[in-house]
file work29.txt (compact mmCIF, C-alpha atoms (C1' of nucleotides))
# COMPACT_ATOMS: atom_id res chain seq x y z
CA MET A 10 -17.68 -12.22 -43.23
CA LYS A 11 -18.17 -14.77 -40.54
CA ASP A 12 -20.49 -13.44 -37.85
CA ILE A 13 -18.56 -14.94 -34.98
CA SER A 14 -19.65 -12.49 -32.26
CA PRO A 15 -22.99 -14.15 -31.40
CA LYS A 16 -21.25 -17.47 -31.01
CA LEU A 17 -18.60 -15.93 -28.78
CA ILE A 18 -21.25 -14.27 -26.61
CA GLU A 19 -23.06 -17.58 -26.25
CA LEU A 20 -19.87 -19.39 -25.24
CA PHE A 21 -18.78 -16.66 -22.85
CA LYS A 22 -22.11 -16.64 -21.03
CA GLU A 23 -21.37 -20.03 -19.56
CA GLY A 24 -17.61 -20.34 -19.54
CA HIS A 25 -14.64 -20.58 -21.91
CA CYS A 26 -12.51 -18.30 -19.80
CA THR A 27 -9.61 -18.99 -17.48
CA PRO A 28 -7.84 -17.26 -14.58
CA GLN A 29 -5.05 -14.77 -15.15
CA ILE A 30 -2.49 -16.33 -12.87
CA ALA A 31 0.38 -13.99 -13.65
CA ARG A 32 -1.68 -10.87 -12.96
CA ILE A 33 -3.10 -12.23 -9.76
CA ALA A 34 0.38 -13.25 -8.66
CA LYS A 35 1.62 -9.74 -9.23
CA LYS A 36 -1.35 -8.22 -7.44
CA LEU A 37 -1.03 -10.47 -4.39
CA LYS A 38 2.76 -10.35 -4.48
CA GLU A 39 3.07 -14.14 -4.45
CA PRO A 40 4.90 -16.49 -6.82
CA SER A 41 2.73 -17.53 -9.73
CA THR A 42 3.23 -21.20 -8.87
CA THR A 43 1.65 -20.58 -5.48
CA ILE A 44 -1.32 -18.87 -7.09
CA HIS A 45 -1.58 -21.69 -9.58
CA TYR A 46 -1.57 -24.29 -6.82
CA ASN A 47 -4.29 -22.49 -4.88
CA ILE A 48 -6.54 -21.98 -7.88
CA LYS A 49 -6.29 -25.64 -8.81
CA LYS A 50 -7.20 -26.45 -5.24
CA LEU A 51 -10.35 -24.31 -5.45
CA GLU A 52 -11.26 -26.15 -8.65
CA ARG A 53 -10.58 -29.57 -7.12
CA GLU A 54 -12.79 -28.71 -4.17
CA GLU A 55 -15.50 -27.66 -6.62
CA LYS A 56 -15.71 -24.19 -5.19
CA ILE A 57 -15.35 -22.69 -8.64
CA LYS A 58 -18.07 -23.59 -11.08
CA ALA A 59 -16.98 -21.77 -14.23
CA TYR A 60 -14.99 -18.87 -15.64
CA LYS A 61 -17.16 -16.66 -17.82
CA ALA A 62 -17.76 -13.16 -19.17
CA VAL A 63 -20.12 -10.48 -17.93
CA PHE A 64 -21.60 -8.23 -20.59
CA ASN A 65 -22.88 -4.72 -21.02
CA TYR A 66 -26.24 -6.17 -21.85
CA LYS A 67 -27.47 -2.96 -23.42
CA ASN A 68 -24.71 -3.32 -26.00
CA ILE A 69 -25.48 -6.92 -26.96
CA ASP A 70 -29.19 -6.61 -27.69
CA GLU A 71 -30.28 -7.68 -24.24
CA GLY A 72 -31.13 -4.29 -22.86
CA THR A 73 -34.44 -5.29 -21.27
CA CYS A 74 -34.29 -7.06 -17.92
CA ASN A 75 -37.21 -8.42 -15.91
CA PHE A 76 -37.64 -10.18 -12.62
CA ILE A 77 -40.58 -12.55 -12.97
CA LEU A 78 -42.29 -13.92 -9.86
CA ALA A 79 -44.50 -16.86 -10.69
CA ASN A 80 -46.78 -19.44 -9.15
CA LEU A 81 -47.32 -22.83 -10.72
CA LYS A 82 -50.73 -24.27 -11.42
CA ASP A 83 -51.78 -27.02 -9.05
CA ASP A 84 -50.88 -29.67 -11.64
CA ASN A 85 -47.22 -28.77 -11.46
CA TYR A 86 -47.13 -27.66 -7.89
CA GLY A 87 -45.57 -30.89 -6.74
CA ASP A 88 -42.56 -30.73 -9.04
CA PRO A 89 -41.33 -27.17 -9.35
CA GLU A 90 -37.74 -28.34 -9.91
CA GLN A 91 -38.66 -30.07 -13.13
CA ILE A 92 -40.35 -26.91 -14.40
CA ALA A 93 -37.48 -24.74 -13.21
CA SER A 94 -34.98 -26.88 -15.14
CA GLU A 95 -37.04 -26.42 -18.28
CA ILE A 96 -37.13 -22.67 -17.74
CA ALA A 97 -33.36 -22.61 -17.19
CA LYS A 98 -32.69 -24.05 -20.64
CA ASN A 99 -33.59 -20.77 -22.32
CA PRO A 100 -30.38 -18.76 -22.94
CA LYS A 101 -32.25 -15.51 -22.24
CA VAL A 102 -32.83 -16.68 -18.68
CA GLU A 103 -30.04 -15.46 -16.42
CA SER A 104 -31.24 -17.15 -13.24
CA VAL A 105 -33.98 -19.38 -11.86
CA ASP A 106 -34.65 -19.87 -8.15
CA ILE A 107 -37.28 -21.69 -6.17
CA VAL A 108 -38.14 -19.38 -3.29
CA THR A 109 -40.13 -18.89 -0.13
CA GLY A 110 -43.01 -16.44 0.05
CA ASP A 111 -46.05 -15.67 -2.06
CA TYR A 112 -44.42 -16.91 -5.24
CA GLU A 113 -42.62 -20.15 -5.98
CA ILE A 114 -40.22 -19.20 -8.72
CA ILE A 115 -38.12 -16.15 -9.52
CA ILE A 116 -36.81 -15.81 -13.04
CA LYS A 117 -34.39 -13.15 -14.17
CA LEU A 118 -34.86 -12.69 -17.89
CA ARG A 119 -32.88 -10.62 -20.38
CA THR A 120 -34.48 -9.75 -23.68
CA LYS A 121 -33.85 -7.40 -26.56
CA ASP A 122 -36.94 -5.31 -25.88
CA ASN A 123 -40.48 -5.36 -24.50
CA ASP A 124 -41.75 -7.18 -27.58
CA GLU A 125 -39.40 -10.09 -26.98
CA TYR A 126 -40.25 -10.02 -23.30
CA TYR A 127 -43.97 -10.12 -24.08
CA GLU A 128 -43.48 -13.05 -26.46
CA TYR A 129 -41.57 -14.92 -23.78
CA MET A 130 -44.27 -14.36 -21.17
CA LYS A 131 -47.04 -15.39 -23.50
CA LYS A 132 -45.37 -18.70 -24.25
CA ALA A 133 -44.04 -19.28 -20.73
CA ILE A 134 -47.41 -18.86 -19.02
CA LYS A 135 -48.90 -21.46 -21.31
CA ARG A 136 -45.95 -23.86 -21.48
CA PHE A 137 -44.90 -23.86 -17.83
CA GLY A 138 -48.38 -23.52 -16.39
CA PHE A 139 -47.87 -20.31 -14.44
CA SER A 140 -50.92 -19.19 -12.51
CA LYS A 141 -50.28 -15.92 -10.68
CA VAL A 142 -47.39 -13.93 -12.19
CA ILE A 143 -45.95 -10.52 -11.53
CA SER A 144 -43.06 -8.84 -13.28
CA MET A 145 -40.71 -6.16 -12.14
CA THR A 146 -38.82 -4.41 -14.91
CA SER A 147 -35.32 -3.28 -14.10
CA LEU A 148 -35.18 0.42 -14.81
CA LYS A 149 -31.56 0.75 -13.76
CA GLN A 150 -28.96 -1.90 -13.01
CA ILE A 151 -26.41 -0.84 -10.48
CA LYS A 152 -24.68 -4.19 -10.03
CA THR A 153 -25.01 -7.56 -11.75
CA GLU A 154 -23.24 -10.84 -11.15
CA PHE A 155 -21.11 -9.10 -8.51
CA VAL A 156 -19.89 -6.64 -11.16
CA ASN A 157 -20.61 -2.93 -10.79
CA LEU A 158 -21.97 -1.33 -13.92
CA MET B 30 0.32 -21.27 5.41
CA LYS B 31 -0.91 -18.26 3.51
CA ASP B 32 -4.70 -18.33 3.31
CA ILE B 33 -4.85 -17.18 -0.28
CA SER B 34 -8.25 -18.66 -1.18
CA PRO B 35 -10.41 -15.84 0.22
CA LYS B 36 -8.36 -13.31 -1.70
CA LEU B 37 -8.69 -15.34 -4.88
CA ILE B 38 -12.46 -15.63 -4.43
CA GLU B 39 -12.72 -11.89 -3.93
CA LEU B 40 -10.70 -11.18 -7.06
CA PHE B 41 -12.56 -13.74 -9.15
CA LYS B 42 -15.95 -12.34 -8.22
CA GLU B 43 -15.28 -9.25 -10.27
CA GLY B 44 -12.73 -10.27 -12.84
CA HIS B 45 -9.13 -11.41 -13.18
CA CYS B 46 -9.96 -13.98 -15.81
CA THR B 47 -9.40 -14.00 -19.56
CA PRO B 48 -10.80 -15.81 -22.59
CA GLN B 49 -9.47 -19.18 -23.71
CA ILE B 50 -8.82 -18.30 -27.30
CA ALA B 51 -7.25 -21.60 -28.34
CA ARG B 52 -10.13 -23.68 -27.01
CA ILE B 53 -12.76 -21.46 -28.58
CA ALA B 54 -10.88 -21.59 -31.88
CA LYS B 55 -10.90 -25.37 -31.80
CA LYS B 56 -14.58 -25.47 -30.87
CA LEU B 57 -15.65 -23.07 -33.60
CA LYS B 58 -13.13 -24.50 -36.08
CA GLU B 59 -11.64 -21.12 -36.81
CA PRO B 60 -8.05 -19.88 -36.70
CA SER B 61 -7.12 -18.58 -33.27
CA THR B 62 -6.09 -15.23 -34.77
CA THR B 63 -9.63 -14.79 -36.08
CA ILE B 64 -11.07 -15.55 -32.66
CA HIS B 65 -8.57 -13.20 -31.08
CA TYR B 66 -9.52 -10.40 -33.46
CA ASN B 67 -13.24 -10.85 -32.79
CA ILE B 68 -12.85 -10.94 -29.03
CA LYS B 69 -10.78 -7.78 -29.03
CA LYS B 70 -13.51 -6.20 -31.15
CA LEU B 71 -16.15 -7.12 -28.55
CA GLU B 72 -13.96 -5.55 -25.89
CA ARG B 73 -13.35 -2.40 -27.96
CA GLU B 74 -17.08 -2.02 -28.49
CA GLU B 75 -17.57 -2.37 -24.73
CA LYS B 76 -19.87 -5.31 -25.13
CA ILE B 77 -17.83 -7.32 -22.65
CA LYS B 78 -17.62 -5.89 -19.17
CA ALA B 79 -15.42 -8.42 -17.36
CA TYR B 80 -14.18 -11.99 -17.25
CA LYS B 81 -14.90 -13.60 -13.89
CA ALA B 82 -15.60 -16.82 -12.01
CA VAL B 83 -18.92 -18.30 -10.94
CA PHE B 84 -18.87 -20.24 -7.69
CA ASN B 85 -20.64 -23.10 -6.04
CA TYR B 86 -21.75 -20.72 -3.37
CA LYS B 87 -22.60 -23.48 -0.94
CA ASN B 88 -18.94 -24.46 -1.00
CA ILE B 89 -17.56 -21.00 -0.29
CA ASP B 90 -19.58 -20.10 2.79
CA GLU B 91 -22.24 -18.23 0.86
CA GLY B 92 -24.91 -20.89 0.95
CA THR B 93 -27.77 -18.58 1.89
CA CYS B 94 -29.31 -16.52 -0.89
CA ASN B 95 -32.10 -13.96 -0.56
CA PHE B 96 -33.97 -11.68 -2.90
CA ILE B 97 -34.82 -8.51 -1.00
CA LEU B 98 -37.55 -6.21 -2.30
CA ALA B 99 -37.41 -2.82 -0.62
CA ASN B 100 -39.01 0.57 -0.55
CA LEU B 101 -37.13 3.67 0.44
CA LYS B 102 -38.35 6.10 3.05
CA ASP B 103 -39.65 9.37 1.67
CA ASP B 104 -36.41 11.13 2.59
CA ASN B 105 -34.47 9.03 0.09
CA TYR B 106 -37.23 8.48 -2.40
CA GLY B 107 -35.86 11.10 -4.74
CA ASP B 108 -32.40 9.58 -5.11
CA PRO B 109 -32.64 5.80 -5.20
CA GLU B 110 -29.54 5.53 -7.39
CA GLN B 111 -27.35 7.01 -4.70
CA ILE B 112 -28.70 4.50 -2.17
CA ALA B 113 -28.38 1.66 -4.67
CA SER B 114 -24.72 2.48 -5.26
CA GLU B 115 -24.10 2.34 -1.54
CA ILE B 116 -25.83 -1.03 -1.33
CA ALA B 117 -23.77 -2.33 -4.26
CA LYS B 118 -20.51 -1.72 -2.41
CA ASN B 119 -21.10 -4.69 -0.14
CA PRO B 120 -19.30 -7.76 -1.58
CA LYS B 121 -22.13 -10.00 -0.36
CA VAL B 122 -24.51 -8.21 -2.70
CA GLU B 123 -24.64 -9.99 -6.05
CA SER B 124 -26.98 -7.55 -7.77
CA VAL B 125 -28.90 -4.34 -7.24
CA ASP B 126 -31.66 -3.12 -9.53
CA ILE B 127 -34.09 -0.23 -9.45
CA VAL B 128 -37.38 -1.66 -10.63
CA THR B 129 -41.01 -0.96 -11.49
CA GLY B 130 -43.85 -2.21 -9.31
CA ASP B 131 -44.64 -2.15 -5.63
CA TYR B 132 -41.00 -2.02 -4.60
CA GLU B 133 -38.23 0.25 -5.76
CA ILE B 134 -35.15 -1.87 -5.27
CA ILE B 135 -34.31 -5.56 -5.68
CA ILE B 136 -31.19 -6.82 -3.96
CA LYS B 137 -29.78 -10.30 -4.41
CA LEU B 138 -27.76 -11.10 -1.32
CA ARG B 139 -25.50 -14.07 -0.59
CA THR B 140 -24.61 -14.77 3.03
CA LYS B 141 -23.08 -17.60 4.99
CA ASP B 142 -26.27 -18.36 6.90
CA ASN B 143 -29.47 -16.84 8.28
CA ASP B 144 -27.58 -15.17 11.12
CA GLU B 145 -25.45 -13.23 8.69
CA TYR B 146 -28.51 -12.47 6.60
CA TYR B 147 -30.34 -11.17 9.65
CA GLU B 148 -27.41 -8.99 10.64
CA TYR B 149 -27.32 -7.53 7.14
CA MET B 150 -31.04 -6.73 7.17
CA LYS B 151 -30.91 -5.12 10.58
CA LYS B 152 -28.16 -2.76 9.51
CA ALA B 153 -29.47 -2.19 5.99
CA ILE B 154 -32.96 -1.15 7.09
CA LYS B 155 -31.45 1.44 9.38
CA ARG B 156 -28.62 2.61 7.16
CA PHE B 157 -30.38 2.79 3.81
CA GLY B 158 -33.74 3.85 5.16
CA PHE B 159 -35.86 1.01 3.88
CA SER B 160 -39.53 1.31 4.72
CA LYS B 161 -41.48 -1.68 3.44
CA VAL B 162 -39.29 -4.74 2.84
CA ILE B 163 -40.00 -8.31 1.88
CA SER B 164 -37.50 -11.13 1.44
CA MET B 165 -37.68 -14.29 -0.59
CA THR B 166 -35.20 -16.94 0.37
CA SER B 167 -33.87 -19.11 -2.42
CA LEU B 168 -34.59 -22.71 -1.45
CA LYS B 169 -33.06 -24.11 -4.62
CA GLN B 170 -30.98 -22.46 -7.28
CA ILE B 171 -31.39 -23.96 -10.71
CA LYS B 172 -29.41 -21.39 -12.67
CA THR B 173 -27.30 -18.41 -11.68
CA GLU B 174 -25.40 -15.90 -13.77
CA PHE B 175 -26.40 -17.89 -16.89
CA VAL B 176 -24.68 -20.96 -15.44
CA ASN B 177 -26.68 -24.10 -14.71
CA LEU B 178 -26.00 -25.55 -11.31
C1' DT C 11 -19.46 1.65 -61.69
C1' DC C 12 -15.19 1.72 -60.13
C1' DA C 13 -11.50 3.41 -57.22
C1' DT C 14 -10.40 3.92 -52.43
C1' DA C 15 -10.83 3.25 -47.64
C1' DT C 16 -12.06 0.48 -44.02
C1' DT C 17 -12.84 -3.79 -41.75
C1' DA C 18 -12.02 -8.71 -41.36
C1' DT C 19 -9.33 -13.03 -42.04
C1' DT C 20 -5.28 -15.64 -41.56
C1' DG C 21 -0.36 -18.01 -41.23
C1' DA C 22 4.06 -17.34 -39.39
C1' DA C 23 7.01 -15.35 -35.76
C1' DT C 24 7.32 -13.84 -31.21
C1' DA C 25 6.15 -12.78 -26.54
C1' DA C 26 3.78 -13.97 -22.57
C1' DT C 27 1.76 -17.27 -19.68
C1' DA C 28 0.38 -21.53 -17.68
C1' DT C 29 1.96 -25.92 -16.26
C1' DT C 30 4.98 -29.45 -14.66
C1' DC C 31 8.45 -30.96 -11.75
C1' DA C 32 11.38 -31.61 -7.90
C1' DA C 33 13.14 -29.80 -3.68
C1' DC C 34 11.82 -28.00 0.35
C1' DT C 35 8.83 -26.31 4.35
C1' DA C 36 4.93 -26.27 7.21
C1' DT C 37 1.11 -28.59 9.14
C1' DT C 38 -1.61 -32.39 10.51
C1' DT C 39 -2.23 -37.02 12.21
C1' DA C 40 -1.66 -41.05 14.91
C1' DT D 26 7.64 -37.17 17.99
C1' DA D 27 7.77 -39.66 13.85
C1' DA D 28 5.46 -40.16 9.58
C1' DA D 29 2.26 -38.57 6.37
C1' DT D 30 0.07 -34.97 4.11
C1' DA D 31 -0.56 -30.42 2.33
C1' DG D 32 1.48 -26.09 0.82
C1' DT D 33 5.32 -23.16 -1.12
C1' DT D 34 8.53 -22.11 -4.57
C1' DG D 35 12.32 -21.59 -8.50
C1' DA D 36 13.67 -23.51 -12.72
C1' DA D 37 12.43 -25.91 -17.03
C1' DT D 38 8.99 -26.79 -20.35
C1' DA D 39 4.76 -26.66 -22.83
C1' DT D 40 0.87 -23.83 -24.25
C1' DT D 41 -1.20 -19.96 -25.46
C1' DA D 42 -1.90 -15.22 -26.52
C1' DT D 43 -0.28 -11.53 -29.22
C1' DT D 44 1.87 -9.08 -32.91
C1' DC D 45 2.69 -8.47 -37.59
C1' DA D 46 2.26 -8.39 -42.45
C1' DA D 47 -0.16 -10.10 -46.35
C1' DT D 48 -4.48 -10.75 -48.25
C1' DA D 49 -9.48 -10.74 -48.79
C1' DA D 50 -13.97 -8.91 -48.19
C1' DT D 51 -16.94 -5.15 -47.55
C1' DA D 52 -18.35 -0.45 -47.37
C1' DT D 53 -18.00 4.35 -49.10
C1' DG D 54 -18.24 8.10 -52.19
C1' DA D 55 -17.40 10.52 -56.55
call {"tool": "encode", "arguments": {"input": "work29.txt", "output": "structure tokens"}}
result
Amino acid sequence: MKDISPKLIELFKEGHCTPQIARIAKKLKEPSTTIHYNIKKLEREEKIKAYKAVFNYKNIDEGTCNFILANLKDDNYGDPEQIASEIAKNPKVESVDIVTGDYEIIIKLRTKDNDEYYEYMKKAIKRFGFSKVISMTSLKQIKTEFVNL
Amino acid sequence: MKDISPKLIELFKEGHCTPQIARIAKKLKEPSTTIHYNIKKLEREEKIKAYKAVFNYKNIDEGTCNFILANLKDDNYGDPEQIASEIAKNPKVESVDIVTGDYEIIIKLRTKDNDEYYEYMKKAIKRFGFSKVISMTSLKQIKTEFVNL
DNA sequence: TCATATTATTGAATAATATTCAACTATTTA
DNA sequence: TAAATAGTTGAATATTATTCAATAATATGA
């Protein structure tokens, strides 16, 4: 047995997919060469970043989802981008934004359960120098990544 | 001229992509039939929801991104899911979650600019019966949908 | 424990699909 | 309005996914 699934999930989170030209062509009632041309154009213009999969996170051991609003300690206040890039490296982190308002950073984090979430927070507060932090746990996800659940 | 791009972007937001089995096979150094089998298994088990594109939103007229935290008026308080589903229908809405904490709903909204954002808010507050609302504008996106920008 | 059933792996054959190409059309530019 | 550029398209080709059948590994149950 070759436990390939976790590797596939990892690859699919970021890319390793490709457009279905024939199906789109049929749907839009255009020749597939026309669709092909237009997709390549979108890619050339860098409008498309990646082709990837969206998961039923409950079914892949990432059933817990939290929005974390954080402030940085004064030491790091000047360079939030650097910190944000570090945060982004974690594969459990779905998104990282630097935002306006009472908090500087919003992290969307997907973990297996509350234990894993707690472990993340414990380390993150120390490592990234968060000062004020609040979390909002997603009780119900209606739409993610533009996909209705 | 056939202005196909907007239609493609719409389709790619939700799906119309497919895995690149051959490339994954090469990467993982496994036969493509093995990769194929394992992907189909993930789909059968409903672990994969969709295959879609991620965009450089700045390049597709969705350069403005806001996190909206909202409370519902007492009238709707009992059925936030119904409201959330309505909110999710808007293609500018990337995600909708019902969450713990001071606010009931988090919306991630992508608009062309602040004007479009303002128009959305004006209508949304009325239509969905938001009471307290705060917005956090994303000044810099480091990672979205698991994809580093 | 061992027989049987189920699940997983894989190479070879086939079917489906993307890609290239060249001719043509529409649009933009100067 | 001529020339250049960008977009459309059918036919040919190259890639790739899919099916299939054989085999191997693992799980199940008496």
call {"tool": "closest_atom_pairs", "arguments": {"input": "work29.txt", "of": "chain B", "to": "chain D", "cutoff": "8 Å", "atoms": "only C-alpha atoms (C1' of nucleotides)", "output": "Markdown table"}}
result
| residue | atom | partner | partner_atom | distance |
| --- | --- | --- | --- | --- |
| B:Met30 | CA | D:DG32 | C1' | 6.8 |
| B:Ile50 | CA | D:DA42 | C1' | 7.6 |
| B:Ala51 | CA | D:DT41 | C1' | 6.9 |
call {"tool": "closest_residue", "arguments": {"input": "work29.txt", "among": "A:Pro89, A:Pro100, A:Gly110, A:Gly72", "to": "Lys149 in chain A", "atoms": "all atoms listed in the file"}}
result
A:Gly72
call {"tool": "closest_atom_pairs", "arguments": {"input": "work29.txt", "of": "chain A", "to": "chain B", "cutoff": "8 Å", "atoms": "all atoms listed in the file", "output": "CSV"}}
result
residue,atom,partner,partner_atom,distance
A:Ile13,CA,B:Asn67,CA,7.1
A:Ser14,CA,B:Asn67,CA,6.6
A:Leu17,CA,B:Ile68,CA,7.6
A:Lys22,CA,B:Phe175,CA,6.1
A:Glu23,CA,B:Val176,CA,5.4
A:His25,CA,B:Gln49,CA,5.7
A:Cys26,CA,B:Pro48,CA,4.1
A:Thr27,CA,B:Cys46,CA,5.3
A:Pro28,CA,B:Cys46,CA,4.1
A:Gln29,CA,B:Cys46,CA,5.0
A:Arg32,CA,B:His45,CA,7.5
A:Ile33,CA,B:His45,CA,7.0
A:Ile44,CA,B:Ile33,CA,7.9
A:Asn47,CA,B:Ser34,CA,6.6
A:Ile48,CA,B:Leu37,CA,7.6
A:Leu51,CA,B:Ser34,CA,7.4
A:Glu55,CA,B:Asn85,CA,6.9
A:Lys56,CA,B:Asn85,CA,5.1
A:Ile57,CA,B:Phe84,CA,4.4
A:Lys58,CA,B:Phe84,CA,4.8
A:Ala59,CA,B:Val83,CA,5.2
A:Tyr60,CA,B:Ala82,CA,4.2
A:Lys61,CA,B:Lys81,CA,5.5
A:Ala62,CA,B:Tyr80,CA,4.2
A:Val63,CA,B:Ala79,CA,5.2
A:Phe64,CA,B:Ile77,CA,4.4
A:Asn65,CA,B:Lys76,CA,5.1
A:Tyr66,CA,B:Lys76,CA,7.2
A:Asn68,CA,B:Lys76,CA,5.3
A:Ile69,CA,B:Lys76,CA,6.1
A:Glu90,CA,B:Ile171,CA,7.8
A:Ala93,CA,B:Ile171,CA,6.6
A:Ser94,CA,B:Ile171,CA,6.4
A:Ala97,CA,B:Lys172,CA,6.1
A:Pro100,CA,B:Phe175,CA,7.3
A:Val102,CA,B:Phe175,CA,6.8
A:Glu103,CA,B:Phe175,CA,4.4
A:Ser104,CA,B:Thr173,CA,4.4
A:Val105,CA,B:Lys172,CA,5.1
A:Asp106,CA,B:Gln170,CA,4.6
A:Ile107,CA,B:Lys169,CA,5.1
A:Val108,CA,B:Ser167,CA,4.4
A:Thr109,CA,B:Met165,CA,5.2
A:Gly110,CA,B:Met165,CA,5.8
A:Ser144,CA,B:Gly130,CA,7.8
A:Met145,CA,B:Thr129,CA,5.2
A:Thr146,CA,B:Val128,CA,5.3
A:Ser147,CA,B:Val128,CA,4.3
A:Leu148,CA,B:Val128,CA,5.2
A:Lys149,CA,B:Ile127,CA,5.1
A:Gln150,CA,B:Asp126,CA,4.6
A:Ile151,CA,B:Val125,CA,5.4
A:Lys152,CA,B:Ser124,CA,4.7
A:Thr153,CA,B:Ser124,CA,4.4
A:Glu154,CA,B:Glu123,CA,5.4
A:Phe155,CA,B:Glu123,CA,4.4
A:Val156,CA,B:Glu43,CA,5.4
A:Asn157,CA,B:Ala117,CA,7.3
call {"tool": "closest_atom_pairs", "arguments": {"input": "work29.txt", "of": "chain C", "to": "chain A", "cutoff": "12 Å", "atoms": "only C-alpha atoms (C1' of nucleotides)", "output": "CSV"}}
result
residue,atom,partner,partner_atom,distance
C:DT17,C1',A:Met10,CA,9.8
C:DA18,C1',A:Met10,CA,6.9
C:DT19,C1',A:Met10,CA,8.5
C:DA26,C1',A:Ala31,CA,9.5
C:DT27,C1',A:Ala31,CA,7.0
C:DA28,C1',A:Ile30,CA,7.6
C:DT29,C1',A:His45,CA,8.7
C:DT30,C1',A:Thr42,CA,10.2
C:DC31,C1',A:Thr42,CA,11.4
call {"tool": "atom_distance", "arguments": {"input": "work29.txt", "atom1": "CA of Arg119 in chain A", "atom2": "CA of Asn80 in chain A"}}
result
19.9 Å
call {"tool": "atom_distance", "arguments": {"input": "work29.txt", "atom1": "CA of Ile92 in chain A", "atom2": "CA of Met130 in chain A"}}
result
14.8 Å
call {"tool": "atom_distance", "arguments": {"input": "work29.txt", "atom1": "CA of Glu91 in chain B", "atom2": "CA of Thr140 in chain B"}}
result
4.7 Å
call {"tool": "decode", "arguments": {"input": "work29.txt", "residues": "range 71-82 of chain A", "atoms": "N, CA and C atoms", "output": "JSON list (two decimals), in the first residue's frame"}}
result
[["chain", "number", "residue", "atom", "x", "y", "z"],
["A", 71, "GLU", "N", -9.61, 18.16, 7.99],
["A", 71, "GLU", "CA", -9.41, 19.59, 8.23],
["A", 71, "GLU", "C", -10.77, 20.23, 8.52],
["A", 72, "GLY", "N", -11.47, 19.61, 9.43],
["A", 72, "GLY", "CA", -12.84, 20.00, 9.70],
["A", 72, "GLY", "C", -13.00, 21.25, 10.55],
["A", 73, "THR", "N", -11.92, 21.67, 11.20],
["A", 73, "THR", "CA", -11.98, 22.86, 12.05],
["A", 73, "THR", "C", -11.42, 24.06, 11.30],
["A", 74, "CYS", "N", -12.19, 25.14, 11.28],
["A", 74, "CYS", "CA", -11.77, 26.34, 10.54],
["A", 74, "CYS", "C", -11.90, 27.58, 11.41],
["A", 75, "ASN", "N", -10.82, 28.34, 11.49],
["A", 75, "ASN", "CA", -10.83, 29.55, 12.32],
["A", 75, "ASN", "C", -10.33, 30.78, 11.56],
["A", 76, "PHE", "N", -11.00, 31.89, 11.81],
["A", 76, "PHE", "CA", -10.50, 33.18, 11.36],
["A", 76, "PHE", "C", -9.76, 33.80, 12.55],
["A", 77, "ILE", "N", -8.51, 34.11, 12.35],
["A", 77, "ILE", "CA", -7.69, 34.65, 13.43],
["A", 77, "ILE", "C", -7.34, 36.09, 13.10],
["A", 78, "LEU", "N", -7.77, 37.02, 13.97],
["A", 78, "LEU", "CA", -7.40, 38.43, 13.81],
["A", 78, "LEU", "C", -6.28, 38.72, 14.79],
["A", 79, "ALA", "N", -5.18, 39.24, 14.29],
["A", 79, "ALA", "CA", -4.03, 39.42, 15.17],
["A", 79, "ALA", "C", -3.37, 40.77, 15.01],
["A", 80, "ASN", "N", -2.82, 41.25, 16.12],
["A", 80, "ASN", "CA", -1.92, 42.40, 16.10],
["A", 80, "ASN", "C", -0.50, 41.93, 16.33],
["A", 81, "LEU", "N", 0.45, 42.67, 15.78],
["A", 81, "LEU", "CA", 1.85, 42.31, 15.97],
["A", 81, "LEU", "C", 2.44, 43.15, 17.09],
["A", 82, "LYS", "N", 3.36, 42.56, 17.82],
["A", 82, "LYS", "CA", 4.05, 43.34, 18.84],
["A", 82, "LYS", "C", 4.85, 44.46, 18.18]]
